[in-house]
Amino acid sequence: MKYWLMKSEPDVYSIADLRRDRTSLWDGVRNYQARNFMREMMPGDLVFFYHSNTKIPGIVGLMRVVETGISDPTQFNKNSKYYDQKSTVDAPRWQTVCVEFVEEFSNLISLDNLKQQFIDNELFLVRKGNRLSVIPISQDVANKILLMREVP
């Protein structure tokens, strides 16, 4: 099992939305490196849910990958802001995964707190200029984050 972190703006899709829906496609990723990380995901991998572009950004919960290798349907929808005219059903450029809700943390683990706990070589999220919406998390860092969720 591997660990990951995936970002979403809470006004677009929040941990509360995932809790309500139980499962969701993580669609709309349009960065090749983030897409490549999603291609490495396997069912059972755990993913930290990160709220970005909000007053206090941070990790708000945990989800699990339940299905991989899915063609992102938004790339074919001409009405979607994620439409990709170069993508075809026979040769899709964008893949996604299906995730399920595991847990909403009682306390947000803020980006500032993460910056105090980790250096950029440990956690890409705290690296200056990092804008990837999907990043891998090492086992050691994941264990520390899981412990952090229990501290107010």
# chains A, B, ... in the order shown; residues from 1 in each chain; ligands from 1

$ residues_around --residues "Val65 in chain A" --least-positions-apart "6" --cutoff "6 Å" --atoms "only C-alpha atoms" --output "VMD selection string"
chain A and resid 43 to 45 98 to 99

$ residues_around --residues "range 32-37 of chain A" --least-positions-apart "2" --cutoff "9 Å" --atoms "only C-alpha atoms" --output "ChimeraX atom specification"
/A:4,29-30,39-41,94-96,132-136

$ closest_residue --among "A:Ile70, A:Leu108, A:Leu123, A:Val60" --to "Val89 in chain A" --atoms "only C-alpha atoms"
A:Ile70

$ select_by_dssp --residues "range 19-56 of chain A" --states "helix (DSSP H, G or I)" --output "MDAnalysis selection string"
chainID A and resid 19:21 32:40

$ atom_distance --atom1 "CA of Ser106 in chain A" --atom2 "CA of Tyr50 in chain A"
13.8 Å

$ closest_residue --among "A:Asn121, A:Asn53, A:Gln75, A:Thr68" --to "Val12 in chain A" --atoms "only C-alpha atoms"
A:Asn53

$ closest_atom_pairs --of "range 47-76 of chain A" --to "range 138-149 of chain A" --cutoff "9 Å" --atoms "only C-alpha atoms" --output "Markdown table"
| residue | atom | partner | partner_atom | distance |
| --- | --- | --- | --- | --- |
| A:Phe48 | CA | A:Ala142 | CA | 8.7 |
| A:Ile59 | CA | A:Arg149 | CA | 8.8 |
| A:Val60 | CA | A:Arg149 | CA | 8.7 |
| A:Gly61 | CA | A:Arg149 | CA | 8.7 |

$ atom_distance --atom1 "CA of Met1 in chain A" --atom2 "CA of Leu46 in chain A"
7.4 Å
